[in-house]
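Visitor: Pasting run02.cif below, which is mmCIF, C-alpha atoms (C1' of nucleotides).
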```
data_coords
#
loop_
_atom_site.label_atom_id
_atom_site.label_comp_id
_atom_site.auth_asym_id
_atom_site.auth_seq_id
_atom_site.Cartn_x
_atom_site.Cartn_y
_atom_site.Cartn_z
CA MET A 276 121.67 171.44 108.11
CA ASP A 277 119.68 168.25 108.31
CA THR A 278 121.34 165.04 109.23
CA ILE A 279 122.66 163.18 106.23
CA LEU A 280 122.51 159.76 107.84
CA ALA A 281 119.15 158.88 109.31
CA PRO A 282 119.35 156.47 112.22
CA MET A 283 118.40 152.93 111.27
CA GLU A 284 114.98 152.05 112.55
CA ARG A 285 115.87 148.37 112.75
CA PRO A 286 119.29 146.79 112.64
CA LEU A 287 119.27 144.61 109.55
CA CYS A 288 121.48 141.95 111.06
CA ARG A 289 119.49 141.46 114.27
CA LEU A 290 117.96 138.01 114.50
CA ASP A 291 115.45 137.08 117.17
CA LEU A 292 115.40 133.30 117.47
CA THR A 293 113.60 133.11 120.81
CA PRO A 294 110.33 131.16 120.68
CA LEU A 295 107.02 132.98 120.36
CA PRO A 296 104.97 132.72 123.57
CA LEU A 297 101.98 130.43 123.94
CA GLU A 298 99.64 133.44 123.92
CA PHE A 299 100.53 134.00 120.27
CA TYR A 300 98.94 130.68 119.33
CA ARG A 301 95.94 130.82 121.64
CA ARG A 302 93.91 133.08 119.36
CA PRO A 303 91.53 132.53 116.42
CA VAL A 304 93.18 130.34 113.79
CA VAL A 305 92.82 132.74 110.86
CA GLN A 306 94.54 135.54 112.76
CA VAL A 307 97.38 133.24 113.79
CA ALA A 308 97.73 131.97 110.22
CA ARG A 309 98.18 135.48 108.79
CA GLU A 310 100.65 136.45 111.50
CA LEU A 311 102.72 133.32 111.00
CA LEU A 312 103.74 134.67 107.58
CA GLY A 313 107.24 136.12 107.90
CA ARG A 314 108.05 134.29 111.14
CA TRP A 315 110.89 131.81 111.18
CA LEU A 316 110.34 128.10 111.67
CA LEU A 317 113.38 126.60 113.40
CA ARG A 318 114.53 123.04 113.94
CA ARG A 319 117.52 121.95 116.01
CA THR A 320 118.89 118.42 115.98
CA ALA A 321 122.27 116.89 116.77
CA GLN A 322 123.10 117.62 113.14
CA GLY A 323 122.62 121.36 113.59
CA LEU A 324 120.19 124.24 113.25
CA ALA A 325 117.96 124.60 110.20
CA GLY A 326 114.97 126.71 109.28
CA GLY A 327 113.57 129.58 107.32
CA ARG A 328 110.85 132.13 106.81
CA ILE A 329 107.25 130.95 106.69
CA VAL A 330 105.80 132.07 103.35
CA GLU A 331 102.68 129.92 102.87
CA VAL A 332 100.07 128.65 105.36
CA GLU A 333 96.54 127.30 105.43
CA ALA A 334 93.98 127.59 108.23
CA TYR A 335 91.95 124.55 109.23
CA LEU A 336 89.06 125.55 111.43
CA GLY A 337 87.43 123.90 114.38
CA PRO A 338 83.71 123.05 114.10
CA GLY A 339 82.09 123.53 110.70
CA ASP A 340 85.11 122.97 108.44
CA PRO A 341 84.68 119.64 106.61
CA ALA A 342 88.27 119.85 105.32
CA SER A 343 89.67 119.94 108.86
CA HIS A 344 90.97 116.74 110.42
CA SER A 345 89.01 117.62 113.55
CA TYR A 346 85.69 117.65 111.66
CA ARG A 347 84.74 114.05 112.48
CA GLY A 348 85.81 114.21 116.07
CA ARG A 349 88.84 113.26 118.08
CA THR A 350 90.91 110.20 117.21
CA ARG A 351 94.40 109.01 118.15
CA LYS A 352 95.79 110.66 115.01
CA ASN A 353 94.34 114.14 115.45
CA ALA A 354 94.50 114.33 119.26
CA SER A 355 97.05 117.17 119.12
CA MET A 356 94.52 119.38 117.33
CA PHE A 357 92.34 119.14 120.42
CA SER A 358 95.03 120.51 122.71
CA ALA A 359 95.41 124.20 123.54
CA GLY A 360 97.29 126.37 121.02
CA GLY A 361 101.07 126.24 120.88
CA ARG A 362 101.76 122.61 120.08
CA ALA A 363 102.68 120.86 116.85
CA TYR A 364 100.25 118.62 115.00
CA VAL A 365 102.22 116.29 112.72
CA TYR A 366 100.36 113.74 110.63
CA PRO A 367 101.27 111.33 107.85
CA ILE A 368 99.95 111.38 104.31
CA HIS A 369 101.11 109.29 101.34
CA SER A 370 104.14 108.09 103.25
CA ARG A 371 105.18 111.65 104.07
CA TRP A 372 104.66 114.11 106.94
CA CYS A 373 102.91 117.44 107.28
CA PHE A 374 103.42 120.00 110.05
CA ASN A 375 100.68 122.10 111.65
CA VAL A 376 100.61 124.69 114.40
CA VAL A 377 97.75 124.10 116.83
CA THR A 378 95.80 127.27 117.60
CA ASP A 379 92.95 128.53 119.75
CA THR A 380 91.83 126.96 123.03
CA GLN A 381 91.18 123.33 123.87
CA ARG A 382 87.55 123.91 122.96
CA VAL A 383 88.38 124.81 119.35
CA PRO A 384 90.33 122.07 117.53
CA SER A 385 91.95 124.25 114.87
CA ALA A 386 95.41 124.35 113.29
CA VAL A 387 97.57 126.10 110.69
CA LEU A 388 99.24 123.92 108.06
CA VAL A 389 102.67 125.31 107.14
CA ARG A 390 103.01 124.67 103.40
CA ALA A 391 106.31 126.36 102.56
CA ILE A 392 109.28 128.16 104.04
CA GLU A 393 112.04 130.21 102.46
CA PRO A 394 115.19 128.27 103.42
CA LEU A 395 117.60 130.49 105.34
CA LEU A 396 119.48 128.48 107.99
CA GLY A 397 121.20 125.14 107.62
CA LEU A 398 120.95 125.05 103.83
CA GLU A 399 123.52 122.29 103.54
CA LEU A 400 121.74 120.18 106.13
CA MET A 401 118.38 120.64 104.44
CA ALA A 402 119.91 119.85 101.05
CA TYR A 403 121.34 116.65 102.45
CA ARG A 404 118.01 115.59 103.93
CA ARG A 405 116.13 116.43 100.74
CA GLY A 406 118.64 114.89 98.39
CA THR A 407 118.89 118.01 96.22
CA THR A 408 121.01 121.14 96.20
CA GLN A 409 118.34 123.21 94.47
CA LEU A 410 117.30 125.96 96.86
CA LEU A 411 113.78 126.17 95.48
CA GLN A 412 113.21 122.45 96.00
CA LEU A 413 114.26 122.37 99.66
CA ALA A 414 111.07 123.40 101.45
CA ARG A 415 108.36 124.15 98.88
CA GLY A 416 105.41 122.02 99.91
CA PRO A 417 104.26 120.74 103.31
CA ALA A 418 105.93 117.33 103.06
CA ARG A 419 109.11 118.69 101.53
CA LEU A 420 109.65 121.14 104.38
CA CYS A 421 109.11 118.35 106.89
CA GLN A 422 111.75 116.28 105.16
CA ALA A 423 114.14 119.25 105.06
CA LEU A 424 113.66 119.85 108.79
CA ALA A 425 113.47 116.19 109.86
CA ILE A 426 109.94 116.60 111.21
CA ASP A 427 108.06 113.36 111.77
CA ARG A 428 105.65 111.69 114.20
CA ARG A 429 108.05 112.12 117.11
CA LEU A 430 107.28 115.85 117.06
CA ASP A 431 103.51 115.44 117.09
CA GLY A 432 102.28 117.28 120.18
CA TRP A 433 105.60 119.08 120.71
CA ASN A 434 105.38 122.31 122.73
CA LEU A 435 106.49 125.05 120.32
CA ALA A 436 107.23 127.46 123.17
CA SER A 437 109.87 125.25 124.71
CA GLY A 438 112.59 126.71 122.51
CA ARG A 439 114.09 123.28 121.92
CA ARG A 440 114.02 121.00 118.90
CA LEU A 441 111.20 122.82 117.09
CA TRP A 442 109.91 126.34 117.53
CA ILE A 443 108.86 129.57 115.79
CA ALA A 444 110.48 132.98 116.28
CA ARG A 445 110.36 136.56 114.97
CA GLY A 446 113.55 136.03 113.00
CA ASP A 447 114.49 139.18 111.07
CA ASP A 448 110.98 140.62 111.41
CA GLN A 449 110.39 140.77 107.66
CA VAL A 450 106.66 140.22 107.97
CA PRO A 451 104.53 141.03 104.92
CA ALA A 452 102.38 144.15 104.91
CA GLU A 453 98.65 143.67 104.38
CA GLU A 454 98.95 144.23 100.63
CA GLN A 455 101.78 141.71 100.47
CA ILE A 456 99.47 138.86 101.50
CA ALA A 457 97.39 136.94 98.95
CA ILE A 458 94.38 134.95 100.14
CA THR A 459 93.36 131.92 98.07
CA PRO A 460 91.54 128.58 98.33
CA ARG A 461 93.34 125.76 100.09
CA ILE A 462 95.29 123.21 98.06
CA GLY A 463 94.73 119.48 97.72
CA ILE A 464 91.41 119.14 99.55
CA SER A 465 88.11 117.75 98.27
CA GLN A 466 85.78 119.44 100.78
CA ALA A 467 85.18 123.17 101.20
CA ARG A 468 87.40 123.89 98.21
CA GLU A 469 86.01 127.39 97.79
CA GLU A 470 86.90 128.69 101.23
CA LEU A 471 89.63 131.35 101.15
CA LEU A 472 91.85 130.11 103.95
CA ARG A 473 95.30 129.94 102.33
CA PHE A 474 97.67 132.84 102.95
CA VAL A 475 100.84 133.46 100.98
CA HIS A 476 103.63 136.02 101.24
CA LEU A 477 103.71 137.92 97.94
CA GLY A 478 107.19 138.82 96.88
CA ARG A 479 108.41 135.34 97.74
CA GLU A 480 106.51 133.49 95.03
CA ALA A 481 109.50 131.37 94.10
CA PHE A 482 109.24 129.52 97.40
CA LEU A 483 105.49 128.82 97.23
CA SER A 484 103.84 125.48 96.45
CA GLY A 485 100.82 124.95 94.25
CA PRO A 486 99.95 126.25 90.78
CA ARG A 487 101.01 129.72 89.77
CA HIS A 488 97.48 131.06 89.47
CA LEU A 489 97.20 130.54 93.22
CA HIS A 490 100.12 132.88 93.85
CA ARG A 491 97.71 135.80 93.63
CA ASN A 492 94.43 136.70 95.23
CA ARG A 493 91.40 134.53 94.46
CA GLN A 494 91.63 131.82 91.88
"C1'" DC B 205 91.45 90.82 109.88
"C1'" DT B 206 90.48 93.52 105.01
"C1'" DA B 207 89.28 97.57 102.26
"C1'" DC B 208 89.57 102.12 101.33
"C1'" DC B 209 91.41 106.76 101.36
"C1'" DG B 210 94.34 110.93 101.50
"C1'" DA B 211 95.87 118.78 103.81
"C1'" DT B 212 101.67 114.75 98.51
"C1'" DT B 213 105.25 114.32 95.48
"C1'" DG B 214 107.89 113.22 91.42
"C1'" DA B 215 107.88 111.23 87.01
"C1'" DC B 216 105.96 111.43 82.76
"C1'" DT B 217 102.83 112.79 78.13
"C1'" DG C 266 98.65 119.05 82.05
"C1'" DT C 267 98.08 113.52 83.96
"C1'" DC C 268 99.03 109.63 86.99
"C1'" DA C 269 100.40 106.31 90.43
"C1'" DA C 270 103.49 105.00 94.27
"C1'" DT C 271 102.97 104.06 99.03
"C1'" DC C 272 101.52 103.44 103.99
"C1'" DG C 273 99.39 104.97 108.33
"C1'" DG C 274 94.84 105.78 109.93
"C1'" DT C 275 90.24 104.59 110.02
"C1'" DA C 276 85.97 102.07 109.51
"C1'" DG C 277 83.72 98.05 109.14
"C1'" DA C 278 83.13 92.81 108.92
#
```
Translate this structure into structure tokens?

Guide:
Amino acid sequence: MDTILAPMERPLCRLDLTPLPLEFYRRPVVQVARELLGRWLLRRTAQGLAGGRIVEVEAYLGPGDPASHSYRGRTRKNASMFSAGGRAYVYPIHSRWCFNVVTDTQRVPSAVLVRAIEPLLGLELMAYRRGTTQLLQLARGPARLCQALAIDRRLDGWNLASGRRLWIARGDDQVPAEEQIAITPRIGISQAREELLRFVHLGREAFLSGPRHLHRNRQ
DNA sequence: CTACCGATTGACT
DNA sequence: GTCAATCGGTAGA
């Protein structure tokens, strides 16, 4: 008689919150962007631990991408983009903050903008910081997630492999399969609008930013 | 110093 | 769907 209970391939309750190694980030930006989907972004402050699953990202390339902050060369603001992969690049826009993951080597000033996470840890803390109790409003949009996680200029250049303050981990390993990833144009830019460099985790549409027609492939 | 702009958001028609 | 608040960064006088 066959076994009635198949052994679990993965314990559902196992959480891996250890930081991804620097080697993860020191690869081509598009590959890192896709593989960031499903990973957990984590933030620890004196107030507690908060974070969630990355569900929406955009790749900003090194040379040749006019929408990338590195396109016109190095300045004080974008200096973090010119460091080796594995650091944060945090920049201000319209009195708010956006968080990027620096990728590739020092020679390739590229980064992945994290546009949305599915809130999973520290919901009360994130709700307090955001000033709303609505789950779907906590971290949908690049500036909203920074507010929810208290990310600002002090974390620009932060080493994401340190495992303190701000890092990325495997979490519960619920990474999207290939067919669960939609690839669309990037949001909010005026240059290179047609490039397909935005990656979203299908099945978690409720947590995505941007118009609904960009929650599927193409436009 | 001034002028202009933006990888946004929230309020509003 | 439209629109403007708001301010750090940047370029230029």

Visitor: To verify the selection step, state as a list in words which residues the PyMOL selection byres ((chain A) within 12 of (chain C)) yields on this input.

Guide: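 Those residues are His344, Arg347, Arg349, Thr350, Arg351, Lys352, Asn353, Tyr366, Pro367, Ile368, His369, Ser370, Arg371, Trp372, Arg428 and Pro486 of chain A.
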
Visitor: What gap, in Å, lies between CA of Ser358 (chain A) and CA of Leu312 (chain A)?

Guide: 22.5 Å

Visitor: Please identify all residues of chain A having at least one atom at most 8 Å from any atom of chain B, considering all atoms listed in the file, and return them as an mmCIF file with C-alpha atoms, keeping the file's coordinate frame.

Guide:
```
data_model
loop_
_atom_site.group_PDB
_atom_site.id
_atom_site.type_symbol
_atom_site.label_atom_id
_atom_site.label_comp_id
_atom_site.auth_asym_id
_atom_site.auth_seq_id
_atom_site.Cartn_x
_atom_site.Cartn_y
_atom_site.Cartn_z
ATOM 1 C CA ALA A 342 88.270 119.850 105.320
ATOM 2 C CA ILE A 368 99.950 111.380 104.310
ATOM 3 C CA HIS A 369 101.110 109.290 101.340
ATOM 4 C CA ARG A 371 105.180 111.650 104.070
ATOM 5 C CA CYS A 373 102.910 117.440 107.280
ATOM 6 C CA LEU A 388 99.240 123.920 108.060
ATOM 7 C CA ALA A 418 105.930 117.330 103.060
ATOM 8 C CA ILE A 462 95.290 123.210 98.060
ATOM 9 C CA GLY A 463 94.730 119.480 97.720
ATOM 10 C CA ILE A 464 91.410 119.140 99.550
#
```

Visitor: Once the PyMOL selection byres ((chain A and resi 385) around 12) is applied to the coordinates I shared, what remains selected? I want it as number ranges by chain.

Guide: A: 300-308, 333-346, 348-349, 353-364, 375-384, 386-388

Visitor: Could you please take those selected residues and save C-alpha atoms as a tab-separated table (two decimals), in the coordinates of the input?

Guide:
```tsv
chain	number	residue	atom	x	y	z
A	300	TYR	CA	98.94	130.68	119.33
A	301	ARG	CA	95.94	130.82	121.64
A	302	ARG	CA	93.91	133.08	119.36
A	303	PRO	CA	91.53	132.53	116.42
A	304	VAL	CA	93.18	130.34	113.79
A	305	VAL	CA	92.82	132.74	110.86
A	306	GLN	CA	94.54	135.54	112.76
A	307	VAL	CA	97.38	133.24	113.79
A	308	ALA	CA	97.73	131.97	110.22
A	333	GLU	CA	96.54	127.30	105.43
A	334	ALA	CA	93.98	127.59	108.23
A	335	TYR	CA	91.95	124.55	109.23
A	336	LEU	CA	89.06	125.55	111.43
A	337	GLY	CA	87.43	123.90	114.38
A	338	PRO	CA	83.71	123.05	114.10
A	339	GLY	CA	82.09	123.53	110.70
A	340	ASP	CA	85.11	122.97	108.44
A	341	PRO	CA	84.68	119.64	106.61
A	342	ALA	CA	88.27	119.85	105.32
A	343	SER	CA	89.67	119.94	108.86
A	344	HIS	CA	90.97	116.74	110.42
A	345	SER	CA	89.01	117.62	113.55
A	346	TYR	CA	85.69	117.65	111.66
A	348	GLY	CA	85.81	114.21	116.07
A	349	ARG	CA	88.84	113.26	118.08
A	353	ASN	CA	94.34	114.14	115.45
A	354	ALA	CA	94.50	114.33	119.26
A	355	SER	CA	97.05	117.17	119.12
A	356	MET	CA	94.52	119.38	117.33
A	357	PHE	CA	92.34	119.14	120.42
A	358	SER	CA	95.03	120.51	122.71
A	359	ALA	CA	95.41	124.20	123.54
A	360	GLY	CA	97.29	126.37	121.02
A	361	GLY	CA	101.07	126.24	120.88
A	362	ARG	CA	101.76	122.61	120.08
A	363	ALA	CA	102.68	120.86	116.85
A	364	TYR	CA	100.25	118.62	115.00
A	375	ASN	CA	100.68	122.10	111.65
A	376	VAL	CA	100.61	124.69	114.40
A	377	VAL	CA	97.75	124.10	116.83
A	378	THR	CA	95.80	127.27	117.60
A	379	ASP	CA	92.95	128.53	119.75
A	380	THR	CA	91.83	126.96	123.03
A	381	GLN	CA	91.18	123.33	123.87
A	382	ARG	CA	87.55	123.91	122.96
A	383	VAL	CA	88.38	124.81	119.35
A	384	PRO	CA	90.33	122.07	117.53
A	386	ALA	CA	95.41	124.35	113.29
A	387	VAL	CA	97.57	126.10	110.69
A	388	LEU	CA	99.24	123.92	108.06
```

Visitor: Around region 269-277 of chain C, fit a box with edges along x, y and z, padding it by 8 Å on each side, then list its centre and edge lengths in Å to one decimal as AutoDock Vina command-line options.

Guide:
```
--center_x 93.6 --center_y 102.2 --center_z 100.2 --size_x 35.8 --size_y 24.3 --size_z 35.6
```

Visitor: So how many Å separate CA of Gly406 (chain A) and CA of Asp431 (chain A), to one decimal?

Guide: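 Going from CA of Gly406 (chain A) over to CA of Asp431 (chain A) covers 24.1 Å.
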
Visitor: Could you please determine the separation between CA of Arg309 (chain A) and CA of Phe474 (chain A) in Å, to one decimal place?

Guide: 6.4 Å

Visitor: Output the residue selection produced by the PyMOL selection byres ((chain A and resi 478-484) around 8) on the file above, formatted as a PyMOL selection string.

Guide: chain A and resi 330-331+390-393+411+414-416+455+475-477+485-486+490

Visitor: Identify, on the basis of all atoms listed in the file, every residue whose closest approach to Gln422 (chain A) does not exceed 8 Å; exclude the query and any residue fewer than 5 positions from it along the same chain; express the result as a ChimeraX atom specification.

Guide: /A:372,401,404-405

Visitor: Give me, as a ChimeraX atom specification, all polymer residues having an atom no more than 10 Å from Gly323 (chain A), counting all atoms listed in the file and skipping those fewer than 6 positions away in the same chain.

Guide: /A:396-397,400
